[in-house]
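Working notes, beginning with the structure itself.
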Amino acid sequence: MRLFVSEGAPGNLPVLAAAGRARGRVELLISTVDPEECMVPFLTRPKVPVLQLDSGNYLFSASSICRYFFLLSGWEQDDLTNQWLEWEATELQRSW
């Protein structure tokens, strides 16, 4: 898998923290890219962070990437975790 991040992108922090939970269970290459570089071929606007799966599919929502890493790490997500991920996606991201 390959994780694309960009300096200053607001979704990087939770995604990198979640990736840390999955460390040792997956092979992950982290690449820093220009924020204007389009990593997902079918999106019309650049978006980071992006996780390219081994299958070639892409996850490009910080919340979905976090949930995917939590699943891989075997960590049970509870309602509080989901609530914080939703708050981050709907409130915190909007403020950037």
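To be explicit about the labels: the chains of the structure tokens are called A, B, and onward in the order shown, and within each one the residues are counted from 1, while ligands get numbers from 1 in the order they are shown.
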
Residues of chain A classed as strand (DSSP E or B) by DSSP on the backbone are to be reported as number ranges by chain. A: 2-5, 23, 26, 29-32, 50-52, 58-59

Please produce an output containing N, CA, C and O atoms for each residue in the selection, written as a PDB file, in the first residue's frame.
ATOM      1  N   ARG A   2       0.275   2.298  -0.502  1.00  0.00           N
ATOM      2  CA  ARG A   2       1.026   3.551  -0.553  1.00  0.00           C
ATOM      3  C   ARG A   2       0.127   4.678  -0.052  1.00  0.00           C
ATOM      4  O   ARG A   2      -0.997   4.830  -0.522  1.00  0.00           O
ATOM      5  N   LEU A   3       0.644   5.427   0.901  1.00  0.00           N
ATOM      6  CA  LEU A   3      -0.075   6.557   1.471  1.00  0.00           C
ATOM      7  C   LEU A   3       0.556   7.843   0.959  1.00  0.00           C
ATOM      8  O   LEU A   3       1.764   8.052   1.102  1.00  0.00           O
ATOM      9  N   PHE A   4      -0.263   8.686   0.356  1.00  0.00           N
ATOM     10  CA  PHE A   4       0.196   9.977  -0.152  1.00  0.00           C
ATOM     11  C   PHE A   4      -0.283  11.063   0.803  1.00  0.00           C
ATOM     12  O   PHE A   4      -1.474  11.173   1.091  1.00  0.00           O
ATOM     13  N   VAL A   5       0.643  11.860   1.293  1.00  0.00           N
ATOM     14  CA  VAL A   5       0.335  12.981   2.168  1.00  0.00           C
ATOM     15  C   VAL A   5       1.003  14.226   1.614  1.00  0.00           C
ATOM     16  O   VAL A   5       1.868  14.144   0.748  1.00  0.00           O
ATOM     17  N   ARG A  23       1.074  -0.414  12.053  1.00  0.00           N
ATOM     18  CA  ARG A  23       2.493  -0.686  11.776  1.00  0.00           C
ATOM     19  C   ARG A  23       2.846  -2.130  12.125  1.00  0.00           C
ATOM     20  O   ARG A  23       2.437  -2.654  13.143  1.00  0.00           O
ATOM     21  N   VAL A  26       1.074  -4.348   8.094  1.00  0.00           N
ATOM     22  CA  VAL A  26       0.960  -4.068   6.658  1.00  0.00           C
ATOM     23  C   VAL A  26       2.263  -3.444   6.173  1.00  0.00           C
ATOM     24  O   VAL A  26       2.994  -2.821   6.946  1.00  0.00           O
ATOM     25  N   LEU A  29       4.165   2.281   2.273  1.00  0.00           N
ATOM     26  CA  LEU A  29       5.109   3.281   1.802  1.00  0.00           C
ATOM     27  C   LEU A  29       4.416   4.634   1.922  1.00  0.00           C
ATOM     28  O   LEU A  29       3.307   4.812   1.402  1.00  0.00           O
ATOM     29  N   ILE A  30       5.035   5.567   2.632  1.00  0.00           N
ATOM     30  CA  ILE A  30       4.467   6.902   2.790  1.00  0.00           C
ATOM     31  C   ILE A  30       5.238   7.866   1.904  1.00  0.00           C
ATOM     32  O   ILE A  30       6.464   7.965   1.999  1.00  0.00           O
ATOM     33  N   SER A  31       4.511   8.573   1.041  1.00  0.00           N
ATOM     34  CA  SER A  31       5.115   9.516   0.104  1.00  0.00           C
ATOM     35  C   SER A  31       4.545  10.908   0.322  1.00  0.00           C
ATOM     36  O   SER A  31       3.331  11.068   0.450  1.00  0.00           O
ATOM     37  N   THR A  32       5.428  11.895   0.364  1.00  0.00           N
ATOM     38  CA  THR A  32       4.989  13.288   0.442  1.00  0.00           C
ATOM     39  C   THR A  32       4.909  13.836  -0.971  1.00  0.00           C
ATOM     40  O   THR A  32       5.856  13.718  -1.741  1.00  0.00           O
ATOM     41  N   VAL A  50      -4.333  10.324   0.527  1.00  0.00           N
ATOM     42  CA  VAL A  50      -4.877   9.271  -0.327  1.00  0.00           C
ATOM     43  C   VAL A  50      -4.141   7.984   0.008  1.00  0.00           C
ATOM     44  O   VAL A  50      -2.918   7.985   0.130  1.00  0.00           O
ATOM     45  N   LEU A  51      -4.885   6.897   0.139  1.00  0.00           N
ATOM     46  CA  LEU A  51      -4.288   5.585   0.344  1.00  0.00           C
ATOM     47  C   LEU A  51      -4.553   4.751  -0.897  1.00  0.00           C
ATOM     48  O   LEU A  51      -5.710   4.521  -1.265  1.00  0.00           O
ATOM     49  N   GLN A  52      -3.478   4.340  -1.568  1.00  0.00           N
ATOM     50  CA  GLN A  52      -3.605   3.447  -2.717  1.00  0.00           C
ATOM     51  C   GLN A  52      -3.412   2.024  -2.210  1.00  0.00           C
ATOM     52  O   GLN A  52      -2.354   1.679  -1.672  1.00  0.00           O
ATOM     53  N   TYR A  58      -8.415   3.163  -4.477  1.00  0.00           N
ATOM     54  CA  TYR A  58      -8.002   4.312  -3.676  1.00  0.00           C
ATOM     55  C   TYR A  58      -9.018   4.607  -2.585  1.00  0.00           C
ATOM     56  O   TYR A  58     -10.216   4.495  -2.813  1.00  0.00           O
ATOM     57  N   LEU A  59      -8.525   4.999  -1.417  1.00  0.00           N
ATOM     58  CA  LEU A  59      -9.343   5.594  -0.368  1.00  0.00           C
ATOM     59  C   LEU A  59      -8.875   7.038  -0.253  1.00  0.00           C
ATOM     60  O   LEU A  59      -7.680   7.290  -0.096  1.00  0.00           O
TER      61      LEU A  59
END

If you run DSSP over the backbone, which residues in region 39-93 of chain A end up alpha helix (DSSP H)? Put them as a PDB file with N, CA, C and O atoms, in the first residue's frame.
ATOM      1  N   ALA A  62     -10.117  10.985   4.746  1.00  0.00           N
ATOM      2  CA  ALA A  62      -9.293  10.730   5.932  1.00  0.00           C
ATOM      3  C   ALA A  62      -9.994   9.762   6.884  1.00  0.00           C
ATOM      4  O   ALA A  62      -9.360   8.855   7.435  1.00  0.00           O
ATOM      5  N   SER A  63     -11.289   9.913   7.066  1.00  0.00           N
ATOM      6  CA  SER A  63     -12.031   9.019   7.961  1.00  0.00           C
ATOM      7  C   SER A  63     -12.028   7.584   7.457  1.00  0.00           C
ATOM      8  O   SER A  63     -11.855   6.647   8.236  1.00  0.00           O
ATOM      9  N   SER A  64     -12.226   7.398   6.157  1.00  0.00           N
ATOM     10  CA  SER A  64     -12.246   6.029   5.626  1.00  0.00           C
ATOM     11  C   SER A  64     -10.858   5.392   5.689  1.00  0.00           C
ATOM     12  O   SER A  64     -10.734   4.195   5.956  1.00  0.00           O
ATOM     13  N   ILE A  65      -9.814   6.191   5.498  1.00  0.00           N
ATOM     14  CA  ILE A  65      -8.451   5.671   5.611  1.00  0.00           C
ATOM     15  C   ILE A  65      -8.183   5.255   7.064  1.00  0.00           C
ATOM     16  O   ILE A  65      -7.637   4.178   7.320  1.00  0.00           O
ATOM     17  N   CYS A  66      -8.594   6.082   8.019  1.00  0.00           N
ATOM     18  CA  CYS A  66      -8.416   5.740   9.442  1.00  0.00           C
ATOM     19  C   CYS A  66      -9.152   4.453   9.778  1.00  0.00           C
ATOM     20  O   CYS A  66      -8.588   3.552  10.411  1.00  0.00           O
ATOM     21  N   ARG A  67     -10.396   4.352   9.342  1.00  0.00           N
ATOM     22  CA  ARG A  67     -11.178   3.141   9.627  1.00  0.00           C
ATOM     23  C   ARG A  67     -10.517   1.904   9.016  1.00  0.00           C
ATOM     24  O   ARG A  67     -10.516   0.825   9.612  1.00  0.00           O
ATOM     25  N   TYR A  68      -9.960   2.045   7.824  1.00  0.00           N
ATOM     26  CA  TYR A  68      -9.285   0.929   7.164  1.00  0.00           C
ATOM     27  C   TYR A  68      -8.060   0.487   7.970  1.00  0.00           C
ATOM     28  O   TYR A  68      -7.860  -0.702   8.203  1.00  0.00           O
ATOM     29  N   PHE A  69      -7.256   1.442   8.428  1.00  0.00           N
ATOM     30  CA  PHE A  69      -6.092   1.100   9.243  1.00  0.00           C
ATOM     31  C   PHE A  69      -6.505   0.472  10.574  1.00  0.00           C
ATOM     32  O   PHE A  69      -5.867  -0.461  11.053  1.00  0.00           O
ATOM     33  N   PHE A  70      -7.584   0.976  11.171  1.00  0.00           N
ATOM     34  CA  PHE A  70      -8.076   0.377  12.416  1.00  0.00           C
ATOM     35  C   PHE A  70      -8.488  -1.070  12.181  1.00  0.00           C
ATOM     36  O   PHE A  70      -8.206  -1.951  12.993  1.00  0.00           O
ATOM     37  N   LEU A  71      -9.164  -1.321  11.065  1.00  0.00           N
ATOM     38  CA  LEU A  71      -9.583  -2.682  10.726  1.00  0.00           C
ATOM     39  C   LEU A  71      -8.363  -3.592  10.576  1.00  0.00           C
ATOM     40  O   LEU A  71      -8.335  -4.706  11.101  1.00  0.00           O
ATOM     41  N   LEU A  72      -7.340  -3.123   9.861  1.00  0.00           N
ATOM     42  CA  LEU A  72      -6.130  -3.919   9.659  1.00  0.00           C
ATOM     43  C   LEU A  72      -5.386  -4.183  10.965  1.00  0.00           C
ATOM     44  O   LEU A  72      -4.771  -5.234  11.125  1.00  0.00           O
ATOM     45  N   SER A  73      -5.447  -3.225  11.876  1.00  0.00           N
ATOM     46  CA  SER A  73      -4.708  -3.378  13.134  1.00  0.00           C
ATOM     47  C   SER A  73      -5.435  -4.288  14.129  1.00  0.00           C
ATOM     48  O   SER A  73      -4.861  -4.672  15.139  1.00  0.00           O
ATOM     49  N   ASP A  79     -18.233   3.447  19.514  1.00  0.00           N
ATOM     50  CA  ASP A  79     -19.037   4.609  19.133  1.00  0.00           C
ATOM     51  C   ASP A  79     -18.277   5.917  19.317  1.00  0.00           C
ATOM     52  O   ASP A  79     -18.412   6.831  18.516  1.00  0.00           O
ATOM     53  N   LEU A  80     -17.457   6.000  20.361  1.00  0.00           N
ATOM     54  CA  LEU A  80     -16.708   7.224  20.613  1.00  0.00           C
ATOM     55  C   LEU A  80     -15.680   7.482  19.506  1.00  0.00           C
ATOM     56  O   LEU A  80     -15.526   8.614  19.043  1.00  0.00           O
ATOM     57  N   THR A  81     -15.001   6.426  19.058  1.00  0.00           N
ATOM     58  CA  THR A  81     -14.046   6.573  17.954  1.00  0.00           C
ATOM     59  C   THR A  81     -14.750   7.073  16.703  1.00  0.00           C
ATOM     60  O   THR A  81     -14.290   8.003  16.037  1.00  0.00           O
ATOM     61  N   ASN A  82     -15.874   6.462  16.381  1.00  0.00           N
ATOM     62  CA  ASN A  82     -16.634   6.880  15.205  1.00  0.00           C
ATOM     63  C   ASN A  82     -17.134   8.315  15.334  1.00  0.00           C
ATOM     64  O   ASN A  82     -17.123   9.075  14.358  1.00  0.00           O
ATOM     65  N   GLN A  83     -17.539   8.688  16.549  1.00  0.00           N
ATOM     66  CA  GLN A  83     -17.999  10.053  16.771  1.00  0.00           C
ATOM     67  C   GLN A  83     -16.871  11.051  16.517  1.00  0.00           C
ATOM     68  O   GLN A  83     -17.076  12.073  15.875  1.00  0.00           O
ATOM     69  N   TRP A  84     -15.666  10.777  17.019  1.00  0.00           N
ATOM     70  CA  TRP A  84     -14.536  11.684  16.806  1.00  0.00           C
ATOM     71  C   TRP A  84     -14.134  11.748  15.337  1.00  0.00           C
ATOM     72  O   TRP A  84     -13.797  12.818  14.823  1.00  0.00           O
ATOM     73  N   LEU A  85     -14.163  10.620  14.644  1.00  0.00           N
ATOM     74  CA  LEU A  85     -13.835  10.627  13.208  1.00  0.00           C
ATOM     75  C   LEU A  85     -14.847  11.453  12.419  1.00  0.00           C
ATOM     76  O   LEU A  85     -14.474  12.203  11.519  1.00  0.00           O
ATOM     77  N   GLU A  86     -16.115  11.329  12.760  1.00  0.00           N
ATOM     78  CA  GLU A  86     -17.146  12.124  12.085  1.00  0.00           C
ATOM     79  C   GLU A  86     -17.005  13.608  12.400  1.00  0.00           C
ATOM     80  O   GLU A  86     -17.140  14.455  11.530  1.00  0.00           O
ATOM     81  N   TRP A  87     -16.706  13.939  13.667  1.00  0.00           N
ATOM     82  CA  TRP A  87     -16.505  15.338  14.040  1.00  0.00           C
ATOM     83  C   TRP A  87     -15.325  15.924  13.269  1.00  0.00           C
ATOM     84  O   TRP A  87     -15.400  17.025  12.745  1.00  0.00           O
ATOM     85  N   GLN A  93     -12.398  19.627   9.527  1.00  0.00           N
ATOM     86  CA  GLN A  93     -11.977  19.789   8.131  1.00  0.00           C
ATOM     87  C   GLN A  93     -12.593  21.023   7.500  1.00  0.00           C
ATOM     88  O   GLN A  93     -11.961  21.713   6.714  1.00  0.00           O
TER      89      GLN A  93
END

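Going from CA of Pro41 (chain A) to CA of Glu88 (chain A) covers 25.7 Å.
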
What lies within 9 Å of Ala9 (chain A) using only C-alpha atoms, ignoring chain neighbours under 4 positions off, as number ranges by chain? A: 5, 13, 35, 48-49

Distance CA of Ala18 (chain A)-CA of Leu53 (chain A), one decimal place? 15.4 Å

Just the number, please: distance in Å from CA of Asp54 (chain A) to CA of Arg25 (chain A), one decimal. 14.0 Å
